[in-house]
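Only one structure is covered here, and it is reproduced in the block below.
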Amino acid sequence: MSNLFLMPRYAFTGEGALNTAGEKIKSLGSKALIITDDVMMKLGSVNNVTSLLEKENVEFFIYHEVNGEPTDIMVNNGVKKYKEEDCDFLIALGGGSPIDTAKAVGAMITNPGNINDYLGKVIQKETPPLVAIPTTAGTGSEATQFTIITDTGRNIKMLLKGPYLIPTVAVIDPIFTMTSPKSVTSATGLDALTHAIESYTSKLAQPMSEIFSISAVKKIFNNLLEAYNNGTNVKARTEMSIAALQAGIAFNNSSVTIVHGMSRPIGALFHVPHGLSNAMLLTDCLKFALPGATDKFYDLAKAVQIYKDGMSNIEAGQAFIDKVGKLCCDLHVQSLEEFGVDKNRFFNSLDKMAEDALASGSPQNTRREVKKEDIICIYKGLWN
Ligand SMILES: NC(=O)c1ccc[n+]([C@@H]2O[C@H](COP(=O)([O-])OP(=O)(O)OC[C@H]3O[C@@H](n4cnc5c(N)ncnc54)[C@H](O)[C@@H]3O)[C@@H](O)[C@H]2O)c1
Ligand SMILES: [Fe+2]
């Protein structure tokens with residue numbers, strides 16, 4: 001059996017990474033479309049990027065309308081701006097939303113048709129260079145070949161993929177995550193944890209991805225709660241930003257499983273932020289997955305030192321899942337009800353959500369057969 005392993009061409013990490021990346025960024029083109037959101041504008045984070053570009057004599061235009069998870073409309077507007085402004089490369093500054101938008105904009109600059117034609121398709125043509133600067137320690141999108149865009153007409157989250165979507169340069173400078181509020185730190189950090197666990201327990205896990213998964217799991221257990229409680233702790237923020245990158249690299253090469261498969265329909269229909277919907281599902285889905293992957297969960301239990309002598313694999317796995325549950329609790333993960341999801345509408349949507357989850361292909365990477373009725377049962381359980 002052989003495996004392919006993909007990573008960004010350049011990854012700059014640690015404090016000061018943006019400045020270190022300056023020369024590389026300059027070499028990518030003469031005018032950048034910076035894709036970001038209003039929060040980054042208000043916080044002044046975007047000024048760090050524009051000052052660098054001014055110093056390097058690189059022109060830029062700022063498109064800051066990615067206010068919410070990315071949609072086809074945001075992508076189309078971004079493409080329009082890129083062309084009108086005669087840009088020749090892209091810089092994404094923000095959480096997964098601006099980064100995913102920038103990937104899709106790049107894809108639609110060089111590939112034919114409309115973004116909505118690409119549901120589940122592989123992007124075939126090389127895209128303009130993209131610099132991804134994450135401001136959340138979460139999605140790992142800076143290292144992945146995926147982008148998730150909502151088709152507003154069909155109300156589904158489309159997963160587009162292909163190696164051309166991997167950013168050319170990833171800049172993981174923890175300075176950008178320092179302003180992240182508690183709710184964002186919690187949801188995005190648990191998204192990273194979900195990537196790390198799912199990539200390790202996926203059917204597609206491979207030796208090159210496993211090492212990144214395990215390292216990310218350890219870093220997240222050692223630092224997420226501290227980053228949440230003390231957002232200015234540079235060490236915790238740095239460790240979390242590297243963990244998110246590692247988890248991104250891991251799932252880029254081994255995919256995600258049932259949690260992400262079931263999470264996307266909740267996001268598409270009820271606008272629950274991505275990391276939070278993962279977190280709501282996390283322990284119930286892991287309990288479901290455990291019987292098919294006891295040896296994998298045993299490894300995870302050992303990695304976070306919850307394993308005790310004499311435990312069977314299944315007991316070790318259960319102890320690991322309990323530890324995940326405790327972390328979710330400490331991070332005050334809301335339930336669907338607390339978030340304000342309408343229970344009747346949720347129950348009326350169960351069939352569509354289960355179909356959409358299976359259609360995404362992710363649940364099938366779980367080391368246990370996932371049937372439609374299993375998915376419905378887990379969705380219902382979120383209300384107990
Ligand atoms: N492409 C991939 O591989 C991949 C993987 C996982 C998730 N995603 C996608 O990523 C998106 C979610 O991204 P996200 O969870 O990073 O959130 P986000 O980009 O949607 O940001 C959430 C909120 O946090 C704010 N924020 C972000 N960084 C901040 C900071 N440093 N300080 C203050 N506020 C800050 C944003 O302005 C926004 O209001 C979803 O669309 C999801 O589908 C993509
Ligand atoms: Fe995710």
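Ordering of the structure tokens sets the chain letters (A, B, ...); residue numbers start at 1 within each chain; ligands are numbered from 1 in the order shown.
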
Inset, instruction - Enumerate residues in contact with ligand 1: an atom-to-atom distance of at most 6 Å, counting only C-alpha atoms and all ligand atoms. Format the result as a count of residues only. - result: 31

Residues of range 218-239 of chain A that have any atom at most 12 Å from an atom of range 150-174 of chain A: could you tabulate them with the shortest-distance atom pair and the distance in Å to one decimal, using only C-alpha atoms, ordered by chain and increasing number, as a tab-separated table?
residue	atom	partner	partner_atom	distance
A:Ala227	CA	A:Pro174	CA	11.3
A:Gly231	CA	A:Pro174	CA	11.1
A:Thr232	CA	A:Pro174	CA	10.3
A:Asn233	CA	A:Pro174	CA	10.3
A:Val234	CA	A:Pro174	CA	7.4
A:Lys235	CA	A:Pro174	CA	8.9
A:Ala236	CA	A:Pro174	CA	9.3
A:Arg237	CA	A:Pro174	CA	5.9
A:Thr238	CA	A:Pro174	CA	5.1
A:Glu239	CA	A:Pro174	CA	8.5

Inset, instruction - Find the residues around range 261-270 of chain A up to 10 Å (only C-alpha atoms counted), leave out those fewer than 2 positions away in its own chain, and share them as an MDAnalysis selection string. - result: chainID A and resid 69 148:152 154:159 256:259 272:282 285 336 339:342 345:346 349:350 352:365 375:376 378:379

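Counting from CA of Asp86 in chain A, the distance to CA of Ile109 in chain A is 11.5 Å.
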
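Among the candidates A:Cys328, A:Glu142, A:Ser312, A:Gly189, the one nearest to Pro8 in chain A when counting only C-alpha atoms is A:Glu142.
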
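Going from CA of Ile220 in chain A over to CA of Ser45 in chain A, you cover 24.5 Å.
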
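CA of Ile249 in chain A lies 8.4 Å from CA of Ser213 in chain A.
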
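Closest approach to ligand 2 among A:His260, A:Lys287, A:Lys218, A:Lys125: A:His260, based on only C-alpha atoms and all ligand atoms.
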
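Nearest residue to ligand 2 among A:Cys377, A:Tyr298, A:Leu245, A:Glu315 is A:Leu245, counting only C-alpha atoms and all ligand atoms.
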
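For range 41-84 of chain A, backbone-based DSSP labels the following residues as strand (DSSP E or B): Glu59, Phe60, Phe61, Ile62, Tyr63 and Thr71 of chain A.
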
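Nearest residue to ligand 2 among A:Asn116, A:Asn19, A:Ser255, A:Thr110 is A:Ser255, counting only C-alpha atoms and all ligand atoms.
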
Legend entry - Shortest interatomic distance to Asn111 in chain A - which of A:Ala293, A:Ile34, A:Val79, A:Val58, counting only C-alpha atoms: A:Val79

Inset, instruction - Could you tell me which of A:Ala187, A:Ala104, A:Leu290, A:Ala301 comes closest to ligand 2 if we count only C-alpha atoms and all ligand atoms? - result: A:Ala187

Inset, instruction - Would you kindly return, as a ChimeraX atom specification, each protein, DNA or RNA residue with an atom no farther than 12 Å from any atom of Ser2 in chain A, considering only C-alpha atoms and excluding same-chain residues fewer than 6 positions away? - result: /A:204-208

Ala32 in chain A environment, 8 Å, only C-alpha atoms, sequence neighbours closer than 5 positions dropped, as an mmCIF file with all heavy atoms, in the first residue's frame:
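Saved as part.cif:
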data_model
loop_
_atom_site.group_PDB
_atom_site.id
_atom_site.type_symbol
_atom_site.label_atom_id
_atom_site.label_comp_id
_atom_site.auth_asym_id
_atom_site.auth_seq_id
_atom_site.Cartn_x
_atom_site.Cartn_y
_atom_site.Cartn_z
ATOM 1 N N VAL A 58 4.662 46.330 -2.617
ATOM 2 C CA VAL A 58 3.654 45.481 -3.268
ATOM 3 C C VAL A 58 2.309 46.206 -3.141
ATOM 4 O O VAL A 58 1.933 46.627 -2.039
ATOM 5 C CB VAL A 58 3.572 44.089 -2.588
ATOM 6 C CG1 VAL A 58 2.472 43.240 -3.221
ATOM 7 C CG2 VAL A 58 4.907 43.366 -2.661
ATOM 8 N N GLU A 59 1.604 46.365 -4.267
ATOM 9 C CA GLU A 59 0.291 47.032 -4.212
ATOM 10 C C GLU A 59 -0.759 46.065 -3.662
ATOM 11 O O GLU A 59 -0.566 44.842 -3.700
ATOM 12 C CB GLU A 59 -0.128 47.454 -5.613
ATOM 13 C CG GLU A 59 0.617 48.659 -6.152
ATOM 14 C CD GLU A 59 0.045 49.040 -7.502
ATOM 15 O OE1 GLU A 59 -1.074 49.578 -7.540
ATOM 16 O OE2 GLU A 59 0.718 48.741 -8.497
ATOM 17 N N PHE A 60 -1.894 46.626 -3.219
ATOM 18 C CA PHE A 60 -2.945 45.735 -2.684
ATOM 19 C C PHE A 60 -4.305 46.409 -2.772
ATOM 20 O O PHE A 60 -4.397 47.642 -2.880
ATOM 21 C CB PHE A 60 -2.642 45.363 -1.232
ATOM 22 C CG PHE A 60 -2.509 46.548 -0.312
ATOM 23 C CD1 PHE A 60 -3.613 47.157 0.269
ATOM 24 C CD2 PHE A 60 -1.239 47.083 -0.046
ATOM 25 C CE1 PHE A 60 -3.474 48.251 1.102
ATOM 26 C CE2 PHE A 60 -1.103 48.195 0.786
ATOM 27 C CZ PHE A 60 -2.214 48.784 1.361
ATOM 28 N N PHE A 61 -5.343 45.568 -2.741
ATOM 29 C CA PHE A 61 -6.715 46.051 -2.578
ATOM 30 C C PHE A 61 -7.341 45.167 -1.500
ATOM 31 O O PHE A 61 -7.113 43.955 -1.476
ATOM 32 C CB PHE A 61 -7.503 45.924 -3.895
ATOM 33 C CG PHE A 61 -8.931 46.402 -3.750
ATOM 34 C CD1 PHE A 61 -9.257 47.747 -3.909
ATOM 35 C CD2 PHE A 61 -9.951 45.502 -3.422
ATOM 36 C CE1 PHE A 61 -10.567 48.187 -3.745
ATOM 37 C CE2 PHE A 61 -11.267 45.943 -3.258
ATOM 38 C CZ PHE A 61 -11.572 47.291 -3.416
ATOM 39 N N CYS A 87 -5.409 42.265 -9.945
ATOM 40 C CA CYS A 87 -4.503 41.638 -8.969
ATOM 41 C C CYS A 87 -3.812 40.434 -9.613
ATOM 42 O O CYS A 87 -4.305 39.881 -10.602
ATOM 43 C CB CYS A 87 -5.291 41.192 -7.741
ATOM 44 S SG CYS A 87 -6.054 42.568 -6.871
ATOM 45 N N ASP A 88 -2.679 40.033 -9.027
ATOM 46 C CA ASP A 88 -2.051 38.815 -9.551
ATOM 47 C C ASP A 88 -1.721 37.786 -8.462
ATOM 48 O O ASP A 88 -1.122 36.760 -8.742
ATOM 49 C CB ASP A 88 -0.823 39.123 -10.428
ATOM 50 C CG ASP A 88 0.209 39.982 -9.728
ATOM 51 O OD1 ASP A 88 0.037 40.269 -8.520
ATOM 52 O OD2 ASP A 88 1.195 40.364 -10.377
ATOM 53 N N PHE A 89 -2.103 38.070 -7.221
ATOM 54 C CA PHE A 89 -2.060 37.025 -6.189
ATOM 55 C C PHE A 89 -2.993 37.369 -5.044
ATOM 56 O O PHE A 89 -3.581 38.467 -5.034
ATOM 57 C CB PHE A 89 -0.624 36.726 -5.730
ATOM 58 C CG PHE A 89 0.031 37.730 -4.811
ATOM 59 C CD1 PHE A 89 0.284 37.399 -3.473
ATOM 60 C CD2 PHE A 89 0.438 38.974 -5.267
ATOM 61 C CE1 PHE A 89 0.921 38.294 -2.620
ATOM 62 C CE2 PHE A 89 1.073 39.875 -4.430
ATOM 63 C CZ PHE A 89 1.320 39.534 -3.103
ATOM 64 N N LEU A 90 -3.160 36.420 -4.124
ATOM 65 C CA LEU A 90 -4.156 36.556 -3.050
ATOM 66 C C LEU A 90 -3.507 36.445 -1.673
ATOM 67 O O LEU A 90 -2.569 35.657 -1.497
ATOM 68 C CB LEU A 90 -5.188 35.423 -3.160
ATOM 69 C CG LEU A 90 -6.115 35.460 -4.377
ATOM 70 C CD1 LEU A 90 -6.558 34.050 -4.744
ATOM 71 C CD2 LEU A 90 -7.321 36.338 -4.083
ATOM 72 N N ILE A 91 -4.021 37.240 -0.740
ATOM 73 C CA ILE A 91 -3.620 37.076 0.671
ATOM 74 C C ILE A 91 -4.908 36.943 1.483
ATOM 75 O O ILE A 91 -5.791 37.794 1.378
ATOM 76 C CB ILE A 91 -2.810 38.290 1.181
ATOM 77 C CG1 ILE A 91 -1.516 38.454 0.366
ATOM 78 C CG2 ILE A 91 -2.494 38.139 2.670
ATOM 79 C CD1 ILE A 91 -0.658 39.653 0.785
#
